[in-house]
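Report on one structure; see the data block that follows.
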Amino acid sequence: MAETGHPASPPRFEILAISGSLRRASINSAVLRAAAQAAARDGLRVALADSVRSLPPFDPDRDTEPPASARRFRKACEDAAGVLLAVPEYTFGIPGAFKNALDWAVGSGSLYLKPITVLKVSPPGRGACVREGLSLALEAHGADVVHRSVPVSRHDLDMHGEVDDARIVAELRTVVAELAERARTAAAA
């Protein structure tokens, strides 16, 4: 029971979705928005994070007393039951701003044993380098990582840049449901 005499409410179960792209019209970001909407049909809450954009360059000298934006990012990762990532490949690797976010999370341990699904939305034959880079980076975090592929092209978006293909939305709903199940299992362990 809470100190007020009322039963404590159960902790909020939430998936944190983070796009590795800063592009406003990013397919990766559109896919995460569609995943959040699809998951809501199952009663799952997916919070879309835009914190990658606000993080200053990682500085190991500030790791023990990070800036407010880094503390918020770490807390969001720590509080999430699971994390859904959609990260494009730039110059055969992880986009700089997203890699910077991962660097800020290392010192906090906020991704340690965290169920994470890395969603590859690029067409077949593309994105292998970012997958390899993310696998290594998330291994350094000690995260529990699963990779899923749901290819999406500009043709799968409506005139507002949102995913409107029913097959893709159904696949995203399944991806989030699987991540939520992994997160529930991890929380019960």
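Residue numbers start at 1 in each chain; chains themselves are named A, B, ... in the order of the structure tokens; ligands are numbered from 1 in the order shown.
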Determine, for each residue of range 16-72 of chain A having at least one atom at most 8 Å from an atom of range 105-118 of chain A, the closest pair of atoms and their separation in Å to one decimal, counting only C-alpha atoms; order by chain and ascending number, as a Markdown table.
```
| residue | atom | partner | partner_atom | distance |
| --- | --- | --- | --- | --- |
| A:Asp63 | CA | A:Gly107 | CA | 6.5 |
| A:Thr64 | CA | A:Gly107 | CA | 7.7 |
| A:Ala70 | CA | A:Ala105 | CA | 7.9 |
```
Could the residues in this selection be saved with N, CA and C atoms as an mmCIF file, in the first residue's frame?
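That gives us again32.cif:
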```cif
data_model
loop_
_atom_site.group_PDB
_atom_site.id
_atom_site.type_symbol
_atom_site.label_atom_id
_atom_site.label_comp_id
_atom_site.auth_asym_id
_atom_site.auth_seq_id
_atom_site.Cartn_x
_atom_site.Cartn_y
_atom_site.Cartn_z
ATOM 1 N N ASP A 63 30.174 12.128 -17.576
ATOM 2 C CA ASP A 63 29.342 10.930 -17.430
ATOM 3 C C ASP A 63 28.799 10.767 -16.011
ATOM 4 N N THR A 64 29.571 11.143 -15.002
ATOM 5 C CA THR A 64 29.097 10.992 -13.618
ATOM 6 C C THR A 64 28.112 12.092 -13.221
ATOM 7 N N ALA A 70 20.666 14.182 -21.005
ATOM 8 C CA ALA A 70 21.202 12.816 -20.901
ATOM 9 C C ALA A 70 20.562 12.077 -19.735
#
```
Near Ile27 in chain A, within 12 Å and counting only C-alpha atoms, which residues show up once chain neighbours fewer than 6 positions away are dropped, as an mmCIF file with N, CA and C atoms, in the first residue's frame?
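Done, and the output landed in result.cif:
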```
data_model
loop_
_atom_site.group_PDB
_atom_site.id
_atom_site.type_symbol
_atom_site.label_atom_id
_atom_site.label_comp_id
_atom_site.auth_asym_id
_atom_site.auth_seq_id
_atom_site.Cartn_x
_atom_site.Cartn_y
_atom_site.Cartn_z
ATOM 1 N N SER A 19 13.830 6.362 -32.693
ATOM 2 C CA SER A 19 14.284 6.392 -34.073
ATOM 3 C C SER A 19 15.737 6.850 -34.099
ATOM 4 N N GLY A 20 16.523 6.193 -34.914
ATOM 5 C CA GLY A 20 17.919 6.582 -35.060
ATOM 6 C C GLY A 20 18.113 7.652 -36.114
ATOM 7 N N SER A 21 17.038 8.148 -36.680
ATOM 8 C CA SER A 21 17.117 9.167 -37.721
ATOM 9 C C SER A 21 16.637 10.511 -37.192
ATOM 10 N N ARG A 33 5.912 5.323 -35.383
ATOM 11 C CA ARG A 33 4.580 5.891 -35.111
ATOM 12 C C ARG A 33 3.487 4.873 -35.445
ATOM 13 N N ALA A 34 3.638 4.193 -36.569
ATOM 14 C CA ALA A 34 2.651 3.169 -36.960
ATOM 15 C C ALA A 34 2.658 2.016 -35.958
ATOM 16 N N ALA A 86 14.445 1.715 -34.413
ATOM 17 C CA ALA A 86 14.453 1.705 -35.876
ATOM 18 C C ALA A 86 15.556 2.665 -36.277
ATOM 19 N N VAL A 87 16.635 2.117 -36.828
ATOM 20 C CA VAL A 87 17.843 2.899 -37.077
ATOM 21 C C VAL A 87 18.293 2.700 -38.523
ATOM 22 N N PRO A 88 18.396 3.788 -39.280
ATOM 23 C CA PRO A 88 18.862 3.654 -40.658
ATOM 24 C C PRO A 88 20.381 3.461 -40.697
ATOM 25 N N LEU A 119 14.448 -2.957 -35.221
ATOM 26 C CA LEU A 119 13.571 -3.097 -36.373
ATOM 27 C C LEU A 119 14.284 -2.586 -37.618
ATOM 28 N N LYS A 120 14.512 -3.470 -38.565
ATOM 29 C CA LYS A 120 15.143 -3.107 -39.836
ATOM 30 C C LYS A 120 14.029 -2.841 -40.837
ATOM 31 N N VAL A 121 13.962 -1.621 -41.339
ATOM 32 C CA VAL A 121 12.903 -1.274 -42.276
ATOM 33 C C VAL A 121 13.437 -1.080 -43.696
ATOM 34 N N SER A 122 14.741 -1.189 -43.869
ATOM 35 C CA SER A 122 15.324 -1.030 -45.209
ATOM 36 C C SER A 122 15.017 -2.256 -46.058
ATOM 37 N N PRO A 123 15.096 -2.091 -47.381
ATOM 38 C CA PRO A 123 14.808 -3.220 -48.270
ATOM 39 C C PRO A 123 15.845 -4.332 -48.124
ATOM 40 N N VAL A 150 11.039 -5.590 -41.177
ATOM 41 C CA VAL A 150 9.757 -5.238 -41.783
ATOM 42 C C VAL A 150 10.065 -4.165 -42.831
ATOM 43 N N PRO A 151 10.436 -4.594 -44.040
ATOM 44 C CA PRO A 151 10.810 -3.619 -45.072
ATOM 45 C C PRO A 151 9.669 -2.660 -45.410
ATOM 46 N N VAL A 152 10.031 -1.386 -45.508
ATOM 47 C CA VAL A 152 9.071 -0.338 -45.827
ATOM 48 C C VAL A 152 9.725 0.586 -46.854
ATOM 49 N N SER A 153 8.970 0.946 -47.885
ATOM 50 C CA SER A 153 9.483 1.884 -48.879
ATOM 51 C C SER A 153 8.611 3.143 -48.873
ATOM 52 N N ARG A 154 9.052 4.133 -49.585
ATOM 53 C CA ARG A 154 8.264 5.379 -49.703
ATOM 54 C C ARG A 154 6.880 5.090 -50.278
ATOM 55 N N HIS A 155 6.750 4.037 -51.082
ATOM 56 C CA HIS A 155 5.458 3.678 -51.684
ATOM 57 C C HIS A 155 4.466 3.149 -50.647
ATOM 58 N N ASP A 156 4.963 2.773 -49.479
ATOM 59 C CA ASP A 156 4.100 2.257 -48.415
ATOM 60 C C ASP A 156 3.581 3.366 -47.502
ATOM 61 N N LEU A 157 3.924 4.606 -47.832
ATOM 62 C CA LEU A 157 3.511 5.755 -47.023
ATOM 63 C C LEU A 157 2.392 6.513 -47.715
ATOM 64 N N ASP A 158 1.537 7.125 -46.913
ATOM 65 C CA ASP A 158 0.473 7.945 -47.486
ATOM 66 C C ASP A 158 1.011 9.339 -47.829
ATOM 67 N N HIS A 160 0.912 11.966 -46.276
ATOM 68 C CA HIS A 160 1.438 12.676 -45.101
ATOM 69 C C HIS A 160 2.715 12.035 -44.570
ATOM 70 N N GLY A 161 3.186 10.993 -45.257
ATOM 71 C CA GLY A 161 4.417 10.333 -44.842
ATOM 72 C C GLY A 161 4.217 9.293 -43.757
ATOM 73 N N GLU A 162 2.987 8.830 -43.575
ATOM 74 C CA GLU A 162 2.689 7.825 -42.557
ATOM 75 C C GLU A 162 2.462 6.464 -43.213
ATOM 76 N N VAL A 163 2.792 5.404 -42.505
ATOM 77 C CA VAL A 163 2.607 4.044 -43.015
ATOM 78 C C VAL A 163 1.107 3.756 -43.106
#
```
*Closest to His141 in chain A among A:Leu48, A:Leu84, A:Ala186, A:Leu102, using only C-alpha atoms?*
A:Leu102
*Residue nearest Phe58 in chain A among A:Arg173, A:Arg41, A:Arg23, A:Lys99 (counting only C-alpha atoms)*: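 For Phe58 in chain A, the nearest of the candidates is A:Lys99.
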_alpha helix (DSSP H) positions in range 108-186 of chain A, given as JSON, numbers by chain_ = {"A": [128, 129, 130, 131, 132, 133, 134, 135, 136, 137, 138, 139, 140, 141, 166, 167, 168, 169, 170, 171, 172, 173, 174, 175, 176, 177, 178, 179, 180, 181, 182, 183, 184, 185, 186]}
Selected residues, C-alpha atoms, written as a PDB file, in the first residue's frame, please.
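File produced: out11.pdb:
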```pdb
ATOM      1  CA  ALA A 128      23.716  -5.153 -42.821  1.00  0.00           C
ATOM      2  CA  CYS A 129      26.409  -2.784 -41.552  1.00  0.00           C
ATOM      3  CA  VAL A 130      24.117  -0.915 -39.161  1.00  0.00           C
ATOM      4  CA  ARG A 131      22.815  -4.241 -37.869  1.00  0.00           C
ATOM      5  CA  GLU A 132      26.360  -5.390 -37.141  1.00  0.00           C
ATOM      6  CA  GLY A 133      27.247  -2.071 -35.501  1.00  0.00           C
ATOM      7  CA  LEU A 134      24.105  -2.082 -33.344  1.00  0.00           C
ATOM      8  CA  SER A 135      24.680  -5.695 -32.345  1.00  0.00           C
ATOM      9  CA  LEU A 136      28.157  -4.833 -31.083  1.00  0.00           C
ATOM     10  CA  ALA A 137      27.087  -1.614 -29.359  1.00  0.00           C
ATOM     11  CA  LEU A 138      24.100  -3.208 -27.639  1.00  0.00           C
ATOM     12  CA  GLU A 139      26.222  -6.196 -26.624  1.00  0.00           C
ATOM     13  CA  ALA A 140      28.470  -3.719 -24.805  1.00  0.00           C
ATOM     14  CA  HIS A 141      25.347  -2.569 -22.943  1.00  0.00           C
ATOM     15  CA  ALA A 166      -2.333  -2.897 -43.673  1.00  0.00           C
ATOM     16  CA  ARG A 167       0.150  -5.785 -44.037  1.00  0.00           C
ATOM     17  CA  ILE A 168       2.993  -3.677 -42.641  1.00  0.00           C
ATOM     18  CA  VAL A 169       0.861  -2.380 -39.779  1.00  0.00           C
ATOM     19  CA  ALA A 170      -0.093  -5.971 -38.880  1.00  0.00           C
ATOM     20  CA  GLU A 171       3.588  -7.005 -38.907  1.00  0.00           C
ATOM     21  CA  LEU A 172       4.497  -4.058 -36.670  1.00  0.00           C
ATOM     22  CA  ARG A 173       1.706  -4.990 -34.270  1.00  0.00           C
ATOM     23  CA  THR A 174       3.191  -8.496 -34.020  1.00  0.00           C
ATOM     24  CA  VAL A 175       6.712  -7.136 -33.473  1.00  0.00           C
ATOM     25  CA  VAL A 176       5.561  -4.949 -30.577  1.00  0.00           C
ATOM     26  CA  ALA A 177       3.485  -7.770 -29.063  1.00  0.00           C
ATOM     27  CA  GLU A 178       6.557 -10.056 -29.139  1.00  0.00           C
ATOM     28  CA  LEU A 179       8.693  -7.356 -27.505  1.00  0.00           C
ATOM     29  CA  ALA A 180       6.044  -6.788 -24.833  1.00  0.00           C
ATOM     30  CA  GLU A 181       5.962 -10.520 -24.081  1.00  0.00           C
ATOM     31  CA  ARG A 182       9.755 -10.619 -23.750  1.00  0.00           C
ATOM     32  CA  ALA A 183       9.585  -7.595 -21.445  1.00  0.00           C
ATOM     33  CA  ARG A 184       6.905  -9.219 -19.263  1.00  0.00           C
ATOM     34  CA  THR A 185       8.988 -12.390 -19.030  1.00  0.00           C
ATOM     35  CA  ALA A 186      12.091 -10.383 -18.072  1.00  0.00           C
TER      36      ALA A 186
END
```
*What is the distance between CA of Asp59 in chain A and CA of Ala101 in chain A, in Å to one decimal?*
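Computing the Euclidean distance for CA of Asp59 in chain A and CA of Ala101 in chain A yields 11.3 Å.
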*Among range 6-116 of chain A, which ones does DSSP place in strand (DSSP E or B), written as a list in words?*
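Matching residues, listed in order: Glu14, Ile15, Leu16, Ala17, Ile18, Ser19, Arg45, Val46, Ala47, Leu48, Ala49, Gly82, Val83, Leu84, Leu85, Ala86, Tyr90, Gly93, Pro115 and Ile116 of chain A.
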*State, in Å with one decimal place, the distance from CA of Val83 in chain A to CA of Ala17 in chain A.*
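We find that CA of Val83 in chain A and CA of Ala17 in chain A lie 5.8 Å from each other.
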_For CA of Arg62 in chain A and CA of Arg74 in chain A, the interatomic separation in Å (one decimal)_ =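 Going from CA of Arg62 in chain A over to CA of Arg74 in chain A, I get 13.8 Å.
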*Nearest to Thr91 in chain A, chosen from A:Trp104, A:Arg71, A:Arg126, A:Ser149, with only C-alpha atoms counted in the distances*: A:Arg126
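Using only C-alpha atoms for every distance, the candidate list A:Phe13, A:Ile18, A:Leu55, A:Asp61 yields A:Phe13 as the residue closest to Gly43 in chain A.
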